[in-house]
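What follows is the content of upload-v1.pdb (PDB, N, CA and C atoms).
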ATOM      1  N   MET S   1     -29.639 -10.932 -24.192
ATOM      2  CA  MET S   1     -28.561 -10.472 -25.036
ATOM      3  C   MET S   1     -28.418 -11.452 -26.192
ATOM      4  N   ALA S   2     -28.839 -11.041 -27.367
ATOM      5  CA  ALA S   2     -28.889 -11.913 -28.522
ATOM      6  C   ALA S   2     -27.509 -12.193 -29.091
ATOM      7  N   GLU S   3     -26.639 -11.190 -29.106
ATOM      8  CA  GLU S   3     -25.303 -11.385 -29.678
ATOM      9  C   GLU S   3     -24.360 -12.001 -28.650
ATOM     10  N   LYS S   4     -23.405 -12.771 -29.175
ATOM     11  CA  LYS S   4     -22.443 -13.415 -28.292
ATOM     12  C   LYS S   4     -21.202 -12.539 -28.157
ATOM     13  N   ILE S   5     -20.579 -12.654 -27.014
ATOM     14  CA  ILE S   5     -19.340 -11.922 -26.771
ATOM     15  C   ILE S   5     -18.199 -12.783 -27.283
ATOM     16  N   SER S   6     -17.308 -12.189 -28.055
ATOM     17  CA  SER S   6     -16.188 -12.957 -28.613
ATOM     18  C   SER S   6     -15.248 -13.428 -27.504
ATOM     19  N   LYS S   7     -14.486 -14.467 -27.822
ATOM     20  CA  LYS S   7     -13.535 -15.004 -26.847
ATOM     21  C   LYS S   7     -12.489 -13.956 -26.487
ATOM     22  N   GLU S   8     -12.119 -13.150 -27.460
ATOM     23  CA  GLU S   8     -11.134 -12.084 -27.206
ATOM     24  C   GLU S   8     -11.687 -11.077 -26.196
ATOM     25  N   THR S   9     -12.937 -10.702 -26.365
ATOM     26  CA  THR S   9     -13.580  -9.761 -25.446
ATOM     27  C   THR S   9     -13.724 -10.387 -24.057
ATOM     28  N   GLN S  10     -14.070 -11.670 -24.020
ATOM     29  CA  GLN S  10     -14.172 -12.365 -22.742
ATOM     30  C   GLN S  10     -12.820 -12.359 -22.023
ATOM     31  N   GLY S  11     -11.742 -12.555 -22.788
ATOM     32  CA  GLY S  11     -10.392 -12.519 -22.218
ATOM     33  C   GLY S  11     -10.072 -11.145 -21.657
ATOM     34  N   LYS S  12     -10.484 -10.126 -22.398
ATOM     35  CA  LYS S  12     -10.247  -8.754 -21.932
ATOM     36  C   LYS S  12     -11.036  -8.469 -20.655
ATOM     37  N   ILE S  13     -12.251  -9.002 -20.588
ATOM     38  CA  ILE S  13     -13.073  -8.806 -19.385
ATOM     39  C   ILE S  13     -12.412  -9.482 -18.187
ATOM     40  N   GLN S  14     -11.890 -10.682 -18.398
ATOM     41  CA  GLN S  14     -11.187 -11.379 -17.316
ATOM     42  C   GLN S  14      -9.938 -10.605 -16.884
ATOM     43  N   GLU S  15      -9.223 -10.065 -17.860
ATOM     44  CA  GLU S  15      -8.031  -9.265 -17.557
ATOM     45  C   GLU S  15      -8.410  -8.024 -16.750
ATOM     46  N   LEU S  16      -9.521  -7.411 -17.117
ATOM     47  CA  LEU S  16     -10.004  -6.236 -16.388
ATOM     48  C   LEU S  16     -10.344  -6.605 -14.942
ATOM     49  N   GLN S  17     -10.967  -7.759 -14.753
ATOM     50  CA  GLN S  17     -11.290  -8.208 -13.402
ATOM     51  C   GLN S  17     -10.023  -8.426 -12.578
ATOM     52  N   ILE S  18      -8.992  -8.965 -13.205
ATOM     53  CA  ILE S  18      -7.712  -9.173 -12.510
ATOM     54  C   ILE S  18      -7.107  -7.830 -12.112
ATOM     55  N   LEU S  19      -7.171  -6.866 -13.017
ATOM     56  CA  LEU S  19      -6.641  -5.531 -12.711
ATOM     57  C   LEU S  19      -7.416  -4.898 -11.553
ATOM     58  N   GLN S  20      -8.729  -5.102 -11.533
ATOM     59  CA  GLN S  20      -9.540  -4.555 -10.441
ATOM     60  C   GLN S  20      -9.182  -5.220  -9.112
ATOM     61  N   GLN S  21      -8.896  -6.502  -9.142
ATOM     62  CA  GLN S  21      -8.465  -7.203  -7.921
ATOM     63  C   GLN S  21      -7.119  -6.661  -7.443
ATOM     64  N   ARG S  22      -6.220  -6.407  -8.396
ATOM     65  CA  ARG S  22      -4.915  -5.830  -8.030
ATOM     66  C   ARG S  22      -5.090  -4.467  -7.368
ATOM     67  N   LEU S  23      -5.999  -3.672  -7.928
ATOM     68  CA  LEU S  23      -6.249  -2.350  -7.351
ATOM     69  C   LEU S  23      -6.752  -2.463  -5.919
ATOM     70  N   GLN S  24      -7.627  -3.433  -5.669
ATOM     71  CA  GLN S  24      -8.119  -3.645  -4.308
ATOM     72  C   GLN S  24      -6.975  -4.065  -3.386
ATOM     73  N   LEU S  25      -6.089  -4.912  -3.894
ATOM     74  CA  LEU S  25      -4.938  -5.352  -3.111
ATOM     75  C   LEU S  25      -4.013  -4.180  -2.798
ATOM     76  N   PHE S  26      -3.755  -3.348  -3.804
ATOM     77  CA  PHE S  26      -2.917  -2.160  -3.588
ATOM     78  C   PHE S  26      -3.521  -1.253  -2.524
ATOM     79  N   THR S  27      -4.831  -1.066  -2.583
ATOM     80  CA  THR S  27      -5.513  -0.209  -1.614
ATOM     81  C   THR S  27      -5.377  -0.772  -0.207
ATOM     82  N   ALA S  28      -5.571  -2.079  -0.055
ATOM     83  CA  ALA S  28      -5.453  -2.713   1.261
ATOM     84  C   ALA S  28      -4.027  -2.608   1.796
ATOM     85  N   GLN S  29      -3.039  -2.855   0.931
ATOM     86  CA  GLN S  29      -1.646  -2.763   1.366
ATOM     87  C   GLN S  29      -1.300  -1.332   1.762
ATOM     88  N   LYS S  30      -1.770  -0.389   0.967
ATOM     89  CA  LYS S  30      -1.477   1.020   1.257
ATOM     90  C   LYS S  30      -2.092   1.434   2.595
ATOM     91  N   GLN S  31      -3.296   0.966   2.870
ATOM     92  CA  GLN S  31      -3.935   1.286   4.148
ATOM     93  C   GLN S  31      -3.127   0.706   5.312
ATOM     94  N   GLN S  32      -2.624  -0.516   5.150
ATOM     95  CA  GLN S  32      -1.799  -1.120   6.203
ATOM     96  C   GLN S  32      -0.542  -0.290   6.443
ATOM     97  N   PHE S  33       0.123   0.095   5.366
ATOM     98  CA  PHE S  33       1.340   0.883   5.507
ATOM     99  C   PHE S  33       1.049   2.246   6.124
ATOM    100  N   GLN S  34      -0.073   2.843   5.756
ATOM    101  CA  GLN S  34      -0.434   4.144   6.327
ATOM    102  C   GLN S  34      -0.724   4.026   7.818
ATOM    103  N   MET S  35      -1.361   2.922   8.221
ATOM    104  CA  MET S  35      -1.619   2.709   9.653
ATOM    105  C   MET S  35      -0.288   2.534  10.397
ATOM    106  N   GLN S  36       0.616   1.771   9.829
ATOM    107  CA  GLN S  36       1.934   1.597  10.448
ATOM    108  C   GLN S  36       2.666   2.933  10.522
ATOM    109  N   GLN S  37       2.515   3.735   9.489
ATOM    110  CA  GLN S  37       3.160   5.036   9.446
ATOM    111  C   GLN S  37       2.652   5.932  10.579
ATOM    112  N   VAL S  38       1.355   5.914  10.818
ATOM    113  CA  VAL S  38       0.770   6.705  11.911
ATOM    114  C   VAL S  38       1.312   6.213  13.253
ATOM    115  N   GLU S  39       1.393   4.895  13.417
ATOM    116  CA  GLU S  39       1.933   4.331  14.656
ATOM    117  C   GLU S  39       3.380   4.765  14.869
ATOM    118  N   VAL S  40       4.173   4.739  13.811
ATOM    119  CA  VAL S  40       5.577   5.148  13.911
ATOM    120  C   VAL S  40       5.678   6.629  14.251
ATOM    121  N   GLU S  41       4.851   7.445  13.603
ATOM    122  CA  GLU S  41       4.861   8.890  13.879
ATOM    123  C   GLU S  41       4.472   9.166  15.325
ATOM    124  N   ASN S  42       3.457   8.452  15.835
ATOM    125  CA  ASN S  42       3.048   8.625  17.231
ATOM    126  C   ASN S  42       4.160   8.195  18.186
ATOM    127  N   ALA S  43       4.792   7.071  17.888
ATOM    128  CA  ALA S  43       5.889   6.592  18.736
ATOM    129  C   ALA S  43       7.037   7.587  18.719
ATOM    130  N   LEU S  44       7.351   8.107  17.556
ATOM    131  CA  LEU S  44       8.430   9.084  17.430
ATOM    132  C   LEU S  44       8.120  10.343  18.236
ATOM    133  N   ALA S  45       6.873  10.786  18.191
ATOM    134  CA  ALA S  45       6.466  11.967  18.954
ATOM    135  C   ALA S  45       6.618  11.713  20.454
ATOM    136  N   GLU S  46       6.272  10.521  20.902
ATOM    137  CA  GLU S  46       6.403  10.183  22.323
ATOM    138  C   GLU S  46       7.870  10.114  22.744
ATOM    139  N   VAL S  47       8.705   9.553  21.898
ATOM    140  CA  VAL S  47      10.136   9.461  22.214
ATOM    141  C   VAL S  47      10.745  10.853  22.286
ATOM    142  N   GLU S  48      10.290  11.742  21.399
ATOM    143  CA  GLU S  48      10.797  13.124  21.406
ATOM    144  C   GLU S  48      10.455  13.826  22.719
ATOM    145  N   LYS S  49       9.292  13.514  23.296
ATOM    146  CA  LYS S  49       8.824  14.175  24.523
ATOM    147  C   LYS S  49       9.513  13.656  25.782
ATOM    148  N   THR S  50       9.904  12.410  25.772
ATOM    149  CA  THR S  50      10.349  11.779  27.013
ATOM    150  C   THR S  50      11.776  12.144  27.386
ATOM    151  N   LYS S  51      11.979  12.174  28.684
ATOM    152  CA  LYS S  51      13.322  12.380  29.218
ATOM    153  C   LYS S  51      13.739  11.161  30.020
ATOM    154  N   ASN S  52      12.857  10.186  30.089
ATOM    155  CA  ASN S  52      13.107   8.958  30.840
ATOM    156  C   ASN S  52      13.701   7.899  29.916
ATOM    157  N   ALA S  53      13.904   6.731  30.485
ATOM    158  CA  ALA S  53      14.402   5.605  29.702
ATOM    159  C   ALA S  53      13.370   5.210  28.644
ATOM    160  N   VAL S  54      13.872   4.688  27.543
ATOM    161  CA  VAL S  54      13.006   4.251  26.447
ATOM    162  C   VAL S  54      13.218   2.750  26.272
ATOM    163  N   TYR S  55      12.115   2.039  26.056
ATOM    164  CA  TYR S  55      12.186   0.583  25.917
ATOM    165  C   TYR S  55      11.610   0.178  24.570
ATOM    166  N   ARG S  56      12.185  -0.879  24.045
ATOM    167  CA  ARG S  56      11.721  -1.429  22.765
ATOM    168  C   ARG S  56      11.346  -2.886  22.990
ATOM    169  N   LEU S  57      10.210  -3.280  22.416
ATOM    170  CA  LEU S  57       9.761  -4.656  22.532
ATOM    171  C   LEU S  57      10.557  -5.514  21.553
ATOM    172  N   VAL S  58      11.254  -6.510  22.105
ATOM    173  CA  VAL S  58      12.030  -7.443  21.290
ATOM    174  C   VAL S  58      11.549  -8.841  21.650
ATOM    175  N   GLY S  59      10.785  -9.415  20.735
ATOM    176  CA  GLY S  59      10.202 -10.725  21.039
ATOM    177  C   GLY S  59       9.218 -10.594  22.176
ATOM    178  N   GLU S  60       9.510 -11.270  23.260
ATOM    179  CA  GLU S  60       8.614 -11.278  24.417
ATOM    180  C   GLU S  60       9.083 -10.362  25.547
ATOM    181  N   ILE S  61      10.201  -9.642  25.342
ATOM    182  CA  ILE S  61      10.733  -8.820  26.432
ATOM    183  C   ILE S  61      10.931  -7.374  25.992
ATOM    184  N   LEU S  62      10.997  -6.497  26.981
ATOM    185  CA  LEU S  62      11.307  -5.091  26.727
ATOM    186  C   LEU S  62      12.796  -4.887  26.989
ATOM    187  N   VAL S  63      13.444  -4.200  26.060
ATOM    188  CA  VAL S  63      14.868  -3.935  26.178
ATOM    189  C   VAL S  63      15.066  -2.426  26.219
ATOM    190  N   GLU S  64      15.856  -1.971  27.177
ATOM    191  CA  GLU S  64      16.139  -0.536  27.274
ATOM    192  C   GLU S  64      17.118  -0.146  26.173
ATOM    193  N   LYS S  65      16.811   0.964  25.511
ATOM    194  CA  LYS S  65      17.683   1.485  24.458
ATOM    195  C   LYS S  65      17.759   2.996  24.625
ATOM    196  N   SER S  66      18.763   3.582  24.010
ATOM    197  CA  SER S  66      18.879   5.037  24.082
ATOM    198  C   SER S  66      17.801   5.665  23.207
ATOM    199  N   ALA S  67      17.374   6.849  23.611
ATOM    200  CA  ALA S  67      16.336   7.551  22.858
ATOM    201  C   ALA S  67      16.819   7.839  21.440
ATOM    202  N   ASP S  68      18.085   8.167  21.284
ATOM    203  CA  ASP S  68      18.633   8.458  19.951
ATOM    204  C   ASP S  68      18.570   7.231  19.049
ATOM    205  N   GLU S  69      18.877   6.077  19.616
ATOM    206  CA  GLU S  69      18.842   4.843  18.849
ATOM    207  C   GLU S  69      17.412   4.524  18.404
ATOM    208  N   ILE S  70      16.466   4.695  19.320
ATOM    209  CA  ILE S  70      15.056   4.456  19.000
ATOM    210  C   ILE S  70      14.577   5.452  17.943
ATOM    211  N   LYS S  71      14.960   6.723  18.092
ATOM    212  CA  LYS S  71      14.565   7.738  17.105
ATOM    213  C   LYS S  71      15.071   7.361  15.717
ATOM    214  N   LYS S  72      16.334   6.927  15.644
ATOM    215  CA  LYS S  72      16.906   6.540  14.357
ATOM    216  C   LYS S  72      16.133   5.363  13.761
ATOM    217  N   GLU S  73      15.848   4.365  14.576
ATOM    218  CA  GLU S  73      15.093   3.201  14.095
ATOM    219  C   GLU S  73      13.713   3.612  13.578
ATOM    220  N   LEU S  74      13.051   4.484  14.328
ATOM    221  CA  LEU S  74      11.715   4.933  13.934
ATOM    222  C   LEU S  74      11.758   5.767  12.649
ATOM    223  N   LYS S  75      12.750   6.632  12.545
ATOM    224  CA  LYS S  75      12.882   7.450  11.334
ATOM    225  C   LYS S  75      13.181   6.571  10.119
ATOM    226  N   ASP S  76      14.034   5.568  10.309
ATOM    227  CA  ASP S  76      14.322   4.632   9.216
ATOM    228  C   ASP S  76      13.060   3.881   8.796
ATOM    229  N   LYS S  77      12.290   3.442   9.775
ATOM    230  CA  LYS S  77      11.045   2.727   9.497
ATOM    231  C   LYS S  77      10.066   3.634   8.754
ATOM    232  N   LYS S  78       9.996   4.895   9.168
ATOM    233  CA  LYS S  78       9.099   5.851   8.512
ATOM    234  C   LYS S  78       9.523   6.065   7.058
ATOM    235  N   GLU S  79      10.820   6.197   6.806
ATOM    236  CA  GLU S  79      11.309   6.370   5.439
ATOM    237  C   GLU S  79      10.976   5.144   4.585
ATOM    238  N   GLU S  80      11.140   3.973   5.171
ATOM    239  CA  GLU S  80      10.820   2.733   4.462
ATOM    240  C   GLU S  80       9.328   2.691   4.102
ATOM    241  N   LEU S  81       8.487   3.064   5.054
ATOM    242  CA  LEU S  81       7.039   3.075   4.798
ATOM    243  C   LEU S  81       6.669   4.117   3.746
ATOM    244  N   ASP S  82       7.308   5.290   3.805
ATOM    245  CA  ASP S  82       7.064   6.325   2.795
ATOM    246  C   ASP S  82       7.386   5.794   1.399
ATOM    247  N   LEU S  83       8.526   5.117   1.292
ATOM    248  CA  LEU S  83       8.951   4.572   0.006
ATOM    249  C   LEU S  83       7.969   3.504  -0.489
ATOM    250  N   ARG S  84       7.528   2.641   0.405
ATOM    251  CA  ARG S  84       6.571   1.597   0.017
ATOM    252  C   ARG S  84       5.248   2.204  -0.449
ATOM    253  N   ILE S  85       4.796   3.241   0.248
ATOM    254  CA  ILE S  85       3.538   3.893  -0.132
ATOM    255  C   ILE S  85       3.683   4.558  -1.502
ATOM    256  N   LYS S  86       4.814   5.229  -1.743
ATOM    257  CA  LYS S  86       5.037   5.862  -3.045
ATOM    258  C   LYS S  86       5.075   4.816  -4.156
ATOM    259  N   THR S  87       5.728   3.694  -3.887
ATOM    260  CA  THR S  87       5.797   2.619  -4.875
ATOM    261  C   THR S  87       4.402   2.083  -5.177
ATOM    262  N   LEU S  88       3.611   1.868  -4.131
ATOM    263  CA  LEU S  88       2.237   1.394  -4.335
ATOM    264  C   LEU S  88       1.407   2.413  -5.106
ATOM    265  N   ASP S  89       1.618   3.704  -4.823
ATOM    266  CA  ASP S  89       0.896   4.747  -5.548
ATOM    267  C   ASP S  89       1.207   4.675  -7.041
ATOM    268  N   LYS S  90       2.488   4.475  -7.380
ATOM    269  CA  LYS S  90       2.882   4.376  -8.787
ATOM    270  C   LYS S  90       2.279   3.136  -9.438
ATOM    271  N   GLN S  91       2.354   2.004  -8.735
ATOM    272  CA  GLN S  91       1.771   0.771  -9.276
ATOM    273  C   GLN S  91       0.267   0.922  -9.458
ATOM    274  N   GLU S  92      -0.359   1.558  -8.486
ATOM    275  CA  GLU S  92      -1.803   1.769  -8.545
ATOM    276  C   GLU S  92      -2.167   2.648  -9.742
ATOM    277  N   ALA S  93      -1.402   3.714  -9.961
ATOM    278  CA  ALA S  93      -1.679   4.622 -11.069
ATOM    279  C   ALA S  93      -1.523   3.905 -12.413
ATOM    280  N   ARG S  94      -0.458   3.109 -12.560
ATOM    281  CA  ARG S  94      -0.261   2.363 -13.807
ATOM    282  C   ARG S  94      -1.379   1.352 -14.030
ATOM    283  N   THR S  95      -1.772   0.677 -12.962
ATOM    284  CA  THR S  95      -2.831  -0.322 -13.073
ATOM    285  C   THR S  95      -4.160   0.338 -13.421
ATOM    286  N   LYS S  96      -4.431   1.498 -12.833
ATOM    287  CA  LYS S  96      -5.668   2.226 -13.151
ATOM    288  C   LYS S  96      -5.690   2.625 -14.621
ATOM    289  N   GLU S  97      -4.537   3.099 -15.122
ATOM    290  CA  GLU S  97      -4.448   3.476 -16.534
ATOM    291  C   GLU S  97      -4.754   2.283 -17.429
ATOM    292  N   SER S  98      -4.137   1.159 -17.114
ATOM    293  CA  SER S  98      -4.358  -0.060 -17.908
ATOM    294  C   SER S  98      -5.811  -0.491 -17.849
ATOM    295  N   ALA S  99      -6.389  -0.448 -16.661
ATOM    296  CA  ALA S  99      -7.782  -0.861 -16.489
ATOM    297  C   ALA S  99      -8.719   0.060 -17.262
ATOM    298  N   LEU S 100      -8.441   1.350 -17.209
ATOM    299  CA  LEU S 100      -9.295   2.307 -17.917
ATOM    300  C   LEU S 100      -9.216   2.094 -19.422
ATOM    301  N   ALA S 101      -8.004   1.891 -19.939
ATOM    302  CA  ALA S 101      -7.837   1.656 -21.373
ATOM    303  C   ALA S 101      -8.550   0.369 -21.787
ATOM    304  N   LEU S 102      -8.395  -0.653 -20.970
ATOM    305  CA  LEU S 102      -9.035  -1.934 -21.253
ATOM    306  C   LEU S 102     -10.556  -1.795 -21.209
ATOM    307  N   GLN S 103     -11.047  -1.057 -20.233
ATOM    308  CA  GLN S 103     -12.487  -0.849 -20.091
ATOM    309  C   GLN S 103     -13.051  -0.114 -21.309
ATOM    310  N   LYS S 104     -12.321   0.888 -21.786
ATOM    311  CA  LYS S 104     -12.761   1.627 -22.982
ATOM    312  C   LYS S 104     -12.798   0.708 -24.193
ATOM    313  N   GLY S 105     -11.767  -0.137 -24.311
ATOM    314  CA  GLY S 105     -11.727  -1.084 -25.425
ATOM    315  C   GLY S 105     -12.877  -2.061 -25.379
ATOM    316  N   ILE S 106     -13.167  -2.563 -24.218
ATOM    317  CA  ILE S 106     -14.278  -3.513 -24.048
ATOM    318  C   ILE S 106     -15.598  -2.831 -24.380
ATOM    319  N   SER S 107     -15.779  -1.622 -23.888
ATOM    320  CA  SER S 107     -17.029  -0.877 -24.160
ATOM    321  C   SER S 107     -17.213  -0.656 -25.653
ATOM    322  N   ALA S 108     -16.121  -0.324 -26.336
ATOM    323  CA  ALA S 108     -16.196  -0.082 -27.780
ATOM    324  C   ALA S 108     -16.578  -1.379 -28.515
ATOM    325  N   GLU S 109     -16.030  -2.506 -28.068
ATOM    326  CA  GLU S 109     -16.322  -3.785 -28.722
ATOM    327  C   GLU S 109     -17.762  -4.220 -28.475
ATOM    328  N   LEU S 110     -18.318  -3.865 -27.349
ATOM    329  CA  LEU S 110     -19.669  -4.312 -26.998
ATOM    330  C   LEU S 110     -20.753  -3.442 -27.628
ATOM    331  N   LYS S 111     -20.378  -2.308 -28.178
ATOM    332  CA  LYS S 111     -21.382  -1.408 -28.786
ATOM    333  C   LYS S 111     -21.736  -1.855 -30.174
TER
END

Taking this structure as input, can you express it in the form of structure tokens?
Amino acid sequence: MAEKISKETQGKIQELQILQQRLQLFTAQKQQFQMQQVEVENALAEVEKTKNAVYRLVGEILVEKSADEIKKELKDKKEELDLRIKTLDKQEARTKESALALQKGISAELK
């Protein structure tokens, strides 16, 4: 490559790399939240089926709780996870837009 890349273009390339790292982080976080969401949904389904006592792990011990109380806790947790996933989706979309615009700018400068 005979021509040199300007410092401004190099800065943009570094910024693009940072945006790509953020996207990877968003994807990993979203996968974690989705896995937790599946676990909560499965637990909620089991609580709905049971007619026996329900126990919740608190620290190192199991504590008996009412099924209604557990259902409420699980539903609250599911809502929280839904909100976190939606927030990550929005952040991911904005970051993708920025990365794409930056990538187009870099490509134009390198031509």

- Item | 12 Å contact set for Lys7 in chain S, only C-alpha atoms, chain neighbours under 5 positions out, as a ChimeraX atom specification | /S:12-14,106,109

- Query: Mind pulling up the distance from CA of Leu19 in chain S to CA of Gln37 in chain S?
  - Reply: 26.4 Å

- From a DSSP pass on the backbone, collect the residues of chain S flagged as helix (DSSP H, G or I) and hand them back as a PyMOL selection string. chain S and resi 7-49+67-110

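Distance annotation: of S:Ile70, S:Val63, S:Glu15, S:Lys30, the residue with the minimal separation from Thr87 in chain S is S:Lys30; atom set is only C-alpha atoms.
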
- Query: Any idea what the distance is between CA of Met35 in chain S and CA of Arg84 in chain S?
  - Reply: 12.7 Å

- Message: I'd like the interatomic distance between atom C of Glu41 in chain S and atom N of Glu69 in chain S, to a tenth of an Å.
- Response: 15.3 Å

- Message: For Ala99 in chain S, find every residue with an atom within 7 Å (counting all atoms listed in the file), except residues of its own chain fewer than 5 positions away, and show them as a ChimeraX atom specification.
- Response: /S:16,19-20,94,104

If you take every atom of range 39-49 of chain S that the file lists and fit an axis-aligned box around them with 6 Å extra on each side, what centre and edge lengths come out in Å to one decimal, as lines of an AutoDock Vina configuration file?
center_x = 6.1
center_y = 9.3
center_z = 19.6
size_x = 21.4
size_y = 21.8
size_z = 24.4

Step one, run DSSP on the backbone; step two, keep only residues of chain S assigned to strand (DSSP E); then write them as a PDB file with N, CA and C atoms, keeping the file's coordinate frame.
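Writing done, so here's states.pdb:
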ATOM      1  N   VAL S  54      13.872   4.688  27.543  1.00  0.00           N
ATOM      2  CA  VAL S  54      13.006   4.251  26.447  1.00  0.00           C
ATOM      3  C   VAL S  54      13.218   2.750  26.272  1.00  0.00           C
ATOM      4  N   TYR S  55      12.115   2.039  26.056  1.00  0.00           N
ATOM      5  CA  TYR S  55      12.186   0.583  25.917  1.00  0.00           C
ATOM      6  C   TYR S  55      11.610   0.178  24.570  1.00  0.00           C
ATOM      7  N   ARG S  56      12.185  -0.879  24.045  1.00  0.00           N
ATOM      8  CA  ARG S  56      11.721  -1.429  22.765  1.00  0.00           C
ATOM      9  C   ARG S  56      11.346  -2.886  22.990  1.00  0.00           C
ATOM     10  N   LEU S  57      10.210  -3.280  22.416  1.00  0.00           N
ATOM     11  CA  LEU S  57       9.761  -4.656  22.532  1.00  0.00           C
ATOM     12  C   LEU S  57      10.557  -5.514  21.553  1.00  0.00           C
ATOM     13  N   VAL S  58      11.254  -6.510  22.105  1.00  0.00           N
ATOM     14  CA  VAL S  58      12.030  -7.443  21.290  1.00  0.00           C
ATOM     15  C   VAL S  58      11.549  -8.841  21.650  1.00  0.00           C
ATOM     16  N   ILE S  61      10.201  -9.642  25.342  1.00  0.00           N
ATOM     17  CA  ILE S  61      10.733  -8.820  26.432  1.00  0.00           C
ATOM     18  C   ILE S  61      10.931  -7.374  25.992  1.00  0.00           C
ATOM     19  N   LEU S  62      10.997  -6.497  26.981  1.00  0.00           N
ATOM     20  CA  LEU S  62      11.307  -5.091  26.727  1.00  0.00           C
ATOM     21  C   LEU S  62      12.796  -4.887  26.989  1.00  0.00           C
ATOM     22  N   VAL S  63      13.444  -4.200  26.060  1.00  0.00           N
ATOM     23  CA  VAL S  63      14.868  -3.935  26.178  1.00  0.00           C
ATOM     24  C   VAL S  63      15.066  -2.426  26.219  1.00  0.00           C
ATOM     25  N   GLU S  64      15.856  -1.971  27.177  1.00  0.00           N
ATOM     26  CA  GLU S  64      16.139  -0.536  27.274  1.00  0.00           C
ATOM     27  C   GLU S  64      17.118  -0.146  26.173  1.00  0.00           C
ATOM     28  N   LYS S  65      16.811   0.964  25.511  1.00  0.00           N
ATOM     29  CA  LYS S  65      17.683   1.485  24.458  1.00  0.00           C
ATOM     30  C   LYS S  65      17.759   2.996  24.625  1.00  0.00           C
TER      31      LYS S  65
END

- Message: Taking the file as I've supplied it (selection: the PyMOL selection byres ((chain S and resi 55) around 8)), which residues are included? Please answer as number ranges by chain.
- Response: S: 52-54, 56-58, 61-67, 70

- Excluding Leu44 in chain S and residues on its chain fewer than 3 positions from it, collect all residues at most 7 Å away from it, counting only N, CA and C atoms, and give them as a PyMOL selection string. chain S and resi 39-41+47-49+71+74-75

- Query: Restricting the calculation to only C-alpha atoms, which member of S:Gln10, S:Gln34, S:Lys4, S:Gln21 is positioned closest to Glu80 in chain S?
  - Reply: S:Gln34
